[in-house]
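A.B. asks: Pasting coords.pdb below, which is PDB, C-alpha atoms.
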```pdb
MODEL        1
ATOM      1  CA  MET W   1      76.069  46.203 157.439
ATOM      2  CA  PRO W   2      76.097  48.875 154.708
ATOM      3  CA  ILE W   3      76.456  52.475 155.798
ATOM      4  CA  ARG W   4      73.284  54.522 155.713
ATOM      5  CA  HIS W   5      74.689  57.596 153.958
ATOM      6  CA  ASP W   6      71.607  59.683 154.739
ATOM      7  CA  LEU W   7      72.302  59.319 158.453
ATOM      8  CA  PHE W   8      75.786  60.785 158.085
ATOM      9  CA  SER W   9      74.970  63.753 155.870
ATOM     10  CA  PRO W  10      76.460  67.109 156.942
ATOM     11  CA  ARG W  11      73.031  68.721 156.894
ATOM     12  CA  ARG W  12      71.735  66.269 159.505
ATOM     13  CA  TRP W  13      74.672  67.086 161.770
ATOM     14  CA  ARG W  14      74.440  70.876 161.744
ATOM     15  CA  GLY W  15      71.850  70.708 164.521
ATOM     16  CA  VAL W  16      73.853  68.141 166.467
ATOM     17  CA  VAL W  17      77.006  70.253 166.444
ATOM     18  CA  ALA W  18      75.023  73.316 167.479
ATOM     19  CA  ALA W  19      73.557  71.377 170.385
ATOM     20  CA  ALA W  20      77.039  70.375 171.481
ATOM     21  CA  LEU W  21      78.153  74.009 171.498
ATOM     22  CA  LEU W  22      75.294  74.792 173.853
ATOM     23  CA  GLY W  23      76.369  72.066 176.267
ATOM     24  CA  THR W  24      78.927  74.244 177.930
ATOM     25  CA  PHE W  25      79.386  72.002 180.939
ATOM     26  CA  GLY W  26      79.751  68.676 179.234
ATOM     27  CA  ALA W  27      76.529  67.988 177.374
ATOM     28  CA  THR W  28      77.351  64.899 175.373
ATOM     29  CA  VAL W  29      76.691  64.444 171.701
ATOM     30  CA  ALA W  30      76.683  60.843 170.499
ATOM     31  CA  PRO W  31      77.125  59.938 166.822
ATOM     32  CA  PRO W  32      74.262  58.695 164.664
ATOM     33  CA  PRO W  33      73.499  54.975 164.441
ATOM     34  CA  LEU W  34      74.213  52.809 161.447
ATOM     35  CA  ASP W  35      70.655  51.525 161.777
ATOM     36  CA  ALA W  36      67.868  54.080 161.964
ATOM     37  CA  HIS W  37      65.933  51.778 164.291
ATOM     38  CA  ALA W  38      68.685  52.072 166.916
ATOM     39  CA  ALA W  39      67.877  55.694 167.716
ATOM     40  CA  SER W  40      66.425  56.395 171.152
ATOM     41  CA  PRO W  41      64.425  59.419 172.350
ATOM     42  CA  SER W  42      66.136  62.699 173.126
ATOM     43  CA  ARG W  43      67.237  63.297 176.698
ATOM     44  CA  ASP W  44      67.983  66.296 178.875
ATOM     45  CA  VAL W  45      71.551  66.878 179.978
ATOM     46  CA  ARG W  46      71.823  69.082 183.037
ATOM     47  CA  THR W  47      74.443  71.824 183.050
ATOM     48  CA  LEU W  48      75.167  74.427 185.715
ATOM     49  CA  GLU W  49      72.723  76.838 184.125
ATOM     50  CA  SER W  50      70.058  74.853 182.296
ATOM     51  CA  ASN W  51      68.940  71.631 180.738
ATOM     52  CA  VAL W  52      70.268  71.246 177.212
ATOM     53  CA  ASP W  53      68.230  68.941 175.016
ATOM     54  CA  THR W  54      70.587  66.794 172.942
ATOM     55  CA  PRO W  55      69.794  63.971 170.521
ATOM     56  CA  ALA W  56      70.340  60.605 172.231
ATOM     57  CA  LEU W  57      71.844  58.748 169.275
ATOM     58  CA  ASP W  58      73.693  55.467 169.607
ATOM     59  CA  SER W  59      77.440  55.370 169.061
ATOM     60  CA  VAL W  60      78.962  53.682 166.034
ATOM     61  CA  GLU W  61      80.100  50.748 168.126
ATOM     62  CA  GLU W  62      81.496  48.693 165.284
ATOM     63  CA  MET W  63      83.438  50.084 162.382
ATOM     64  CA  PRO W  64      81.780  48.898 159.157
ATOM     65  CA  ASP W  65      83.943  46.907 156.773
ATOM     66  CA  LEU W  66      84.765  49.538 154.184
ATOM     67  CA  ARG W  67      86.506  46.927 152.074
ATOM     68  CA  ASP W  68      82.989  46.218 150.812
ATOM     69  CA  TYR W  69      83.268  49.511 148.922
ATOM     70  CA  SER W  70      85.392  49.802 145.825
ATOM     71  CA  ALA W  71      88.715  51.543 146.459
ATOM     72  CA  GLY W  72      88.604  55.119 145.251
ATOM     73  CA  PRO W  73      85.733  57.617 145.306
ATOM     74  CA  GLU W  74      83.138  55.149 146.632
ATOM     75  CA  ARG W  75      85.211  54.106 149.647
ATOM     76  CA  LYS W  76      86.364  57.674 150.293
ATOM     77  CA  THR W  77      82.766  58.877 150.362
ATOM     78  CA  ALA W  78      81.700  56.127 152.758
ATOM     79  CA  PHE W  79      84.638  56.861 155.072
ATOM     80  CA  LEU W  80      84.100  60.611 155.105
ATOM     81  CA  GLU W  81      80.348  60.334 155.645
ATOM     82  CA  LEU W  82      81.096  58.221 158.696
ATOM     83  CA  LEU W  83      84.023  60.157 160.132
ATOM     84  CA  VAL W  84      83.524  63.860 159.415
ATOM     85  CA  PRO W  85      80.331  64.336 161.496
ATOM     86  CA  LEU W  86      81.922  62.526 164.451
ATOM     87  CA  VAL W  87      85.037  64.700 164.333
ATOM     88  CA  GLU W  88      82.877  67.825 164.130
ATOM     89  CA  ALA W  89      80.848  66.671 167.144
ATOM     90  CA  GLU W  90      83.984  66.049 169.251
ATOM     91  CA  ASN W  91      85.475  69.391 168.191
ATOM     92  CA  ALA W  92      82.186  71.066 169.141
ATOM     93  CA  LYS W  93      82.371  69.620 172.644
ATOM     94  CA  ILE W  94      85.921  70.911 173.046
ATOM     95  CA  GLN W  95      84.912  74.322 171.698
ATOM     96  CA  ALA W  96      82.103  74.480 174.261
ATOM     97  CA  GLN W  97      84.611  73.834 177.042
ATOM     98  CA  ARG W  98      86.930  76.478 175.595
ATOM     99  CA  ASP W  99      84.123  79.037 175.408
ATOM    100  CA  TRP W 100      83.331  78.411 179.049
ATOM    101  CA  LEU W 101      87.005  78.832 180.003
ATOM    102  CA  LEU W 102      87.253  82.147 178.172
ATOM    103  CA  ASP W 103      84.184  83.402 180.010
ATOM    104  CA  ALA W 104      85.421  82.071 183.356
ATOM    105  CA  ARG W 105      88.830  83.694 182.910
ATOM    106  CA  ALA W 106      87.166  87.085 182.487
ATOM    107  CA  ARG W 107      85.480  86.728 185.892
ATOM    108  CA  GLN W 108      87.813  84.320 187.651
ATOM    109  CA  ASP W 109      87.623  86.193 190.962
ATOM    110  CA  SER W 110      83.874  85.642 191.246
ATOM    111  CA  LEU W 111      83.353  82.032 190.170
ATOM    112  CA  SER W 112      80.710  80.081 192.051
ATOM    113  CA  ASP W 113      81.524  76.881 193.938
ATOM    114  CA  ALA W 114      80.030  74.850 191.095
ATOM    115  CA  GLU W 115      82.132  76.705 188.548
ATOM    116  CA  GLN W 116      85.251  76.212 190.654
ATOM    117  CA  SER W 117      84.452  72.509 190.757
ATOM    118  CA  HIS W 118      84.057  72.415 186.993
ATOM    119  CA  LEU W 119      87.393  74.198 186.603
ATOM    120  CA  GLN W 120      89.036  71.569 188.817
ATOM    121  CA  GLN W 121      87.557  68.833 186.649
ATOM    122  CA  LEU W 122      88.992  70.414 183.520
ATOM    123  CA  CYS W 123      92.393  70.765 185.178
ATOM    124  CA  GLY W 124      92.345  67.080 186.065
ATOM    125  CA  SER W 125      91.209  66.003 182.628
ATOM    126  CA  TYR W 126      93.813  68.112 180.827
ATOM    127  CA  GLN W 127      96.593  67.429 183.358
ATOM    128  CA  ILE W 128      97.057  71.029 184.476
ATOM    129  CA  GLU W 129      97.720  72.255 188.022
ATOM    130  CA  CYS W 130      94.820  74.406 189.169
ATOM    131  CA  GLY W 131      95.144  77.448 191.383
ATOM    132  CA  THR W 132      98.201  79.044 189.780
ATOM    133  CA  SER W 133      98.437  82.412 188.078
ATOM    134  CA  ASN W 134      98.784  80.633 184.737
ATOM    135  CA  THR W 135      96.014  78.062 185.125
ATOM    136  CA  PHE W 136      93.709  79.561 182.500
ATOM    137  CA  GLU W 137      96.500  80.155 179.987
ATOM    138  CA  TYR W 138      97.768  76.593 180.345
ATOM    139  CA  LEU W 139      94.256  75.185 180.046
ATOM    140  CA  LEU W 140      93.427  77.283 177.001
ATOM    141  CA  SER W 141      96.577  76.024 175.288
ATOM    142  CA  ARG W 142      95.177  72.503 175.614
ATOM    143  CA  VAL W 143      91.403  72.887 175.529
ATOM    144  CA  ASP W 144      91.193  73.710 171.845
ATOM    145  CA  THR W 145      89.980  72.152 168.631
ATOM    146  CA  LEU W 146      92.052  70.674 165.825
ATOM    147  CA  PRO W 147      91.499  71.354 162.113
ATOM    148  CA  LEU W 148      89.016  68.923 160.609
ATOM    149  CA  GLU W 149      91.259  68.245 157.620
ATOM    150  CA  MET W 150      94.216  67.309 159.833
ATOM    151  CA  VAL W 151      92.208  64.880 161.959
ATOM    152  CA  VAL W 152      90.676  63.187 158.938
ATOM    153  CA  ILE W 153      93.970  62.962 157.047
ATOM    154  CA  GLN W 154      95.673  61.274 159.982
ATOM    155  CA  ALA W 155      92.790  58.809 160.206
ATOM    156  CA  VAL W 156      93.142  58.154 156.479
ATOM    157  CA  GLU W 157      96.846  57.426 156.764
ATOM    158  CA  GLU W 158      96.744  55.465 160.020
ATOM    159  CA  SER W 159      93.743  53.306 159.080
ATOM    160  CA  GLY W 160      93.975  53.030 155.299
ATOM    161  CA  TRP W 161      90.650  54.783 154.750
ATOM    162  CA  GLY W 162      89.172  52.762 157.606
ATOM    163  CA  THR W 163      90.161  49.327 156.286
ATOM    164  CA  SER W 164      93.017  48.368 158.642
ATOM    165  CA  ARG W 165      92.574  45.486 161.072
ATOM    166  CA  PHE W 166      92.897  47.848 164.036
ATOM    167  CA  ALA W 167      90.127  50.012 162.602
ATOM    168  CA  ARG W 168      87.832  47.089 161.791
ATOM    169  CA  GLN W 169      88.400  45.105 164.968
ATOM    170  CA  GLY W 170      89.192  47.845 167.473
ATOM    171  CA  ASN W 171      87.618  51.070 166.151
ATOM    172  CA  ASN W 172      91.166  52.442 166.267
ATOM    173  CA  LEU W 173      91.511  54.901 163.386
ATOM    174  CA  PHE W 174      94.651  56.693 164.569
ATOM    175  CA  GLY W 175      97.185  53.976 165.349
ATOM    176  CA  LEU W 176      96.937  54.642 169.083
ATOM    177  CA  ARG W 177      99.062  52.181 171.048
ATOM    178  CA  CYS W 178      98.627  50.696 174.518
ATOM    179  CA  PHE W 179     101.363  49.419 176.792
ATOM    180  CA  SER W 180      99.895  47.253 179.546
ATOM    181  CA  GLU W 181     100.303  43.502 179.254
ATOM    182  CA  GLY W 182      97.647  41.888 177.089
ATOM    183  CA  CYS W 183      95.903  45.171 176.273
ATOM    184  CA  GLY W 184      94.088  45.930 173.052
ATOM    185  CA  LEU W 185      95.068  44.205 169.812
ATOM    186  CA  ALA W 186      98.454  42.711 169.035
ATOM    187  CA  GLN W 187     100.353  43.679 165.912
ATOM    188  CA  GLN W 188     101.199  40.556 163.974
ATOM    189  CA  GLY W 189     104.906  39.794 164.007
ATOM    190  CA  SER W 190     105.598  42.464 166.631
ATOM    191  CA  SER W 191     105.367  43.002 170.372
ATOM    192  CA  ARG W 192     103.412  46.216 169.834
ATOM    193  CA  ARG W 193      99.796  46.423 170.917
ATOM    194  CA  TYR W 194      97.122  48.884 169.853
ATOM    195  CA  GLN W 195      94.131  50.217 171.753
ATOM    196  CA  HIS W 196      90.635  48.816 171.348
ATOM    197  CA  PHE W 197      87.782  51.336 171.608
ATOM    198  CA  ASP W 198      84.125  50.730 172.358
ATOM    199  CA  SER W 199      83.098  53.089 169.568
ATOM    200  CA  VAL W 200      84.503  55.080 166.686
ATOM    201  CA  GLN W 201      83.746  58.287 168.566
ATOM    202  CA  ALA W 202      85.772  57.067 171.555
ATOM    203  CA  SER W 203      88.741  56.645 169.227
ATOM    204  CA  ILE W 204      88.370  60.225 167.978
ATOM    205  CA  GLU W 205      88.038  61.549 171.524
ATOM    206  CA  ALA W 206      91.196  59.715 172.624
ATOM    207  CA  TYR W 207      93.162  60.995 169.625
ATOM    208  CA  LEU W 208      92.163  64.619 170.254
ATOM    209  CA  HIS W 209      92.914  64.320 173.970
ATOM    210  CA  ASN W 210      96.307  62.758 173.237
ATOM    211  CA  LEU W 211      97.380  65.631 170.994
ATOM    212  CA  ASN W 212      96.001  68.181 173.448
ATOM    213  CA  THR W 213      97.802  66.797 176.502
ATOM    214  CA  HIS W 214     100.871  64.698 175.657
ATOM    215  CA  ARG W 215     104.232  66.408 176.054
ATOM    216  CA  ALA W 216     105.314  65.088 172.642
ATOM    217  CA  TYR W 217     102.892  67.515 170.964
ATOM    218  CA  LEU W 218     103.849  70.667 172.858
ATOM    219  CA  THR W 219     105.176  72.281 169.675
ATOM    220  CA  MET W 220     101.871  71.606 167.927
ATOM    221  CA  ARG W 221      99.955  73.283 170.753
ATOM    222  CA  GLN W 222     102.342  76.233 170.769
ATOM    223  CA  THR W 223     101.936  76.665 167.001
ATOM    224  CA  ARG W 224      98.154  76.580 167.354
ATOM    225  CA  ALA W 225      98.231  79.065 170.247
ATOM    226  CA  ALA W 226     100.442  81.451 168.259
ATOM    227  CA  GLN W 227      98.022  81.414 165.345
ATOM    228  CA  ASN W 228      95.108  81.989 167.708
ATOM    229  CA  GLU W 229      96.952  84.896 169.315
ATOM    230  CA  LYS W 230      97.440  86.534 165.911
ATOM    231  CA  GLY W 231      93.800  85.971 165.029
ATOM    232  CA  GLU W 232      94.794  83.681 162.185
ATOM    233  CA  PRO W 233      92.898  80.518 161.224
ATOM    234  CA  VAL W 234      94.687  77.424 162.498
ATOM    235  CA  SER W 235      95.816  75.544 159.412
ATOM    236  CA  ALA W 236      96.077  71.792 159.097
ATOM    237  CA  GLU W 237      99.334  72.079 157.155
ATOM    238  CA  SER W 238     101.106  74.107 159.837
ATOM    239  CA  LEU W 239     100.156  71.636 162.579
ATOM    240  CA  ILE W 240     100.990  68.562 160.530
ATOM    241  CA  ARG W 241     104.542  69.873 160.220
ATOM    242  CA  THR W 242     104.913  69.644 164.030
ATOM    243  CA  LEU W 243     103.949  65.967 164.320
ATOM    244  CA  ASP W 244     107.485  64.616 164.256
ATOM    245  CA  SER W 245     106.759  62.463 167.328
ATOM    246  CA  TYR W 246     103.654  60.777 165.934
ATOM    247  CA  SER W 247     105.448  58.339 163.654
ATOM    248  CA  VAL W 248     108.969  57.004 163.254
ATOM    249  CA  ARG W 249     108.673  57.218 159.470
ATOM    250  CA  ASP W 250     111.045  59.731 157.919
ATOM    251  CA  ASN W 251     108.568  60.792 155.239
ATOM    252  CA  TYR W 252     105.505  61.008 157.509
ATOM    253  CA  PHE W 253     105.057  64.763 156.931
ATOM    254  CA  ASP W 254     105.320  64.336 153.179
ATOM    255  CA  VAL W 255     102.734  61.546 153.150
ATOM    256  CA  LEU W 256     100.252  63.506 155.242
ATOM    257  CA  LEU W 257     100.743  66.703 153.280
ATOM    258  CA  ALA W 258     100.284  64.871 149.981
ATOM    259  CA  LEU W 259      97.059  63.350 151.272
ATOM    260  CA  LEU W 260      95.964  66.776 152.510
ATOM    261  CA  ARG W 261      96.524  68.453 149.152
ATOM    262  CA  THR W 262      94.599  65.813 147.233
ATOM    263  CA  ASN W 263      91.716  65.373 149.700
ATOM    264  CA  ALA W 264      91.213  68.652 151.604
ATOM    265  CA  GLU W 265      88.490  69.907 149.290
ATOM    266  CA  LEU W 266      86.650  66.590 149.422
ATOM    267  CA  ILE W 267      86.778  66.635 153.225
ATOM    268  CA  ARG W 268      85.353  70.147 153.317
ATOM    269  CA  GLU W 269      82.547  69.080 150.992
ATOM    270  CA  HIS W 270      81.466  66.590 153.670
ATOM    271  CA  SER W 271      81.650  69.109 156.509
ATOM    272  CA  SER W 272      78.710  70.886 158.097
ATOM    273  CA  GLY W 273      79.897  74.166 156.640
ATOM    274  CA  ASP W 274      82.011  75.652 159.450
ATOM    275  CA  ALA W 275      85.191  74.153 158.006
ATOM    276  CA  GLU W 276      84.503  75.113 154.408
ATOM    277  CA  ASP W 277      86.580  78.278 154.626
ATOM    278  CA  SER W 278      89.339  76.865 156.808
ATOM    279  CA  PRO W 279      92.839  76.870 155.354
ATOM    280  CA  ALA W 280      94.371  73.550 154.491
TER     281      ALA W 280
ENDMDL
END
```
Have the structure of the file written as structure tokens, please.
C.D. replies:
Amino acid sequence: MPIRHDLFSPRRWRGVVAAALLGTFGATVAPPPLDAHAASPSRDVRTLESNVDTPALDSVEEMPDLRDYSAGPERKTAFLELLVPLVEAENAKIQAQRDWLLDARARQDSLSDAEQSHLQQLCGSYQIECGTSNTFEYLLSRVDTLPLEMVVIQAVEESGWGTSRFARQGNNLFGLRCFSEGCGLAQQGSSRRYQHFDSVQASIEAYLHNLNTHRAYLTMRQTRAAQNEKGEPVSAESLIRTLDSYSVRDNYFDVLLALLRTNAELIREHSSGDAEDSPA
């Protein structure tokens, strides 16, 4: 089914990302449907403080076959119109959690039972021990967004602009592996298997959570935290240089950085506007 480009326009998603930022305690933002008729009415998502009205849009449950688009500008546009709004929505959800943590840290001695419960949930999700003197610092080092350009560039490289078999058949845009017997999709001619996701957004969520929690990406999180501490924008290039554990390829950095330099501006053109001034 052809992509409806109007449904993935940055302008349409400004309101969706803003709604996600309001959902401080987990208000979900689903991506827009490929078919306009698939949209369902808005719904209320209850938080600790209020009901946040968020658009109830269906997930992109099947990656469209972008091989139908000519390689080059046409395919790039189709891929970015699909991916960029979904990455922004997932980053917005993480930012909402981070904003709540910053507020909770400032008044950690007077948190309500419900807030304590929410803190415990975040600790569990981000694999941090709660109740220590460093709980908030450890959580804040993990509950943080990643530069839009970096996320998109890794998806470009790992999925071939969304055309790989794992992307088309498993919504797996980031080369995420699985290790249980018979899981996911098998790599032809290899014993490796790769995760299958129910939606494109689920793939993005898993990728972000992997980089924010796995011990292999500690240096990336430390680099991001140091830039935050200095009040500097977190740059895609600086974080890409820490991803030595993501691929066994010797020239992985060079490939990603080359893609970044040639496509960063195009990615920002498809953003909602918040990333337009971010450093590559």
A.B. asks: Any chance you could work out the axis-aligned box around stretch 128-145 of chain W, listed atoms only, 3 Å on each side, giving centre and edge lengths in Å to one decimal, as AutoDock Vina command-line options?
C.D. replies:
```
--center_x 94.4 --center_y 76.7 --center_z 180.0 --size_x 14.8 --size_y 17.4 --size_z 28.8
```
A.B. asks: Between atom CA of W:Ala236 and atom CA of W:Glu90, measure the distance and give it in Å to one decimal.
C.D. replies: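 Atom-to-atom, atom CA of W:Ala236 and atom CA of W:Glu90 are spaced 16.8 Å apart.
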A.B. asks: Enumerate, as a ChimeraX atom specification, the protein, DNA and RNA residues whose atoms approach (106.3, 66.3, 166.8) to within 10 Å, taking into account only C-alpha atoms and the coordinate frame of the file.
C.D. replies: /W:211,215-220,239-247
A.B. asks: Looking at all atoms listed in the file, which of W:Thr135, W:Gln222, W:Ser164, W:Ser110 is the one that sits closest to W:Val234?
C.D. replies: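 Of W:Thr135, W:Gln222, W:Ser164, W:Ser110, the one nearest W:Val234 is W:Gln222, counting all atoms listed in the file.
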A.B. asks: One decimal, Å: what's the distance from atom CA of W:Leu257 over to atom CA of W:Val151, could you say?
C.D. replies: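 Between these atoms lies a distance of 12.3 Å.
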A.B. asks: Between atom CA of W:Phe197 and atom CA of W:Arg165, what is the distance, to one decimal in Å?
C.D. replies: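 Rounded to one decimal, the two atoms are 13.0 Å apart.
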A.B. asks: For this structure, which residues satisfy the selection - the PyMOL selection byres ((chain W and resi 138) around 12) - when it is evaluated on the file as given? I want them as number ranges by chain.
C.D. replies: W: 98, 101, 105, 122-123, 126-137, 139-144, 212-213, 218, 221-222, 225
A.B. asks: Please determine, counting only C-alpha atoms, which residue among W:Asp68, W:Arg193, W:Ser272, W:Glu237 has the shortest atom-to-atom distance to W:Phe179.
C.D. replies: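 Of W:Asp68, W:Arg193, W:Ser272, W:Glu237, the one nearest W:Phe179, counting only C-alpha atoms, is W:Arg193.
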A.B. asks: Can you tell me, as a PyMOL selection string, what residues are no more than 7 Å from stretch 69-80 of chain W when counting all atoms listed in the file, ignoring any on the same chain fewer than 6 positions away?
C.D. replies: chain W and resi 161-162+267+270
A.B. asks: From the list W:Pro64, W:Gly231, W:Gly124, W:Gly182, which residue is nearest W:Arg168 when using all atoms listed in the file?
C.D. replies: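 Using all atoms listed in the file, the shortest distance to W:Arg168 belongs to W:Pro64.
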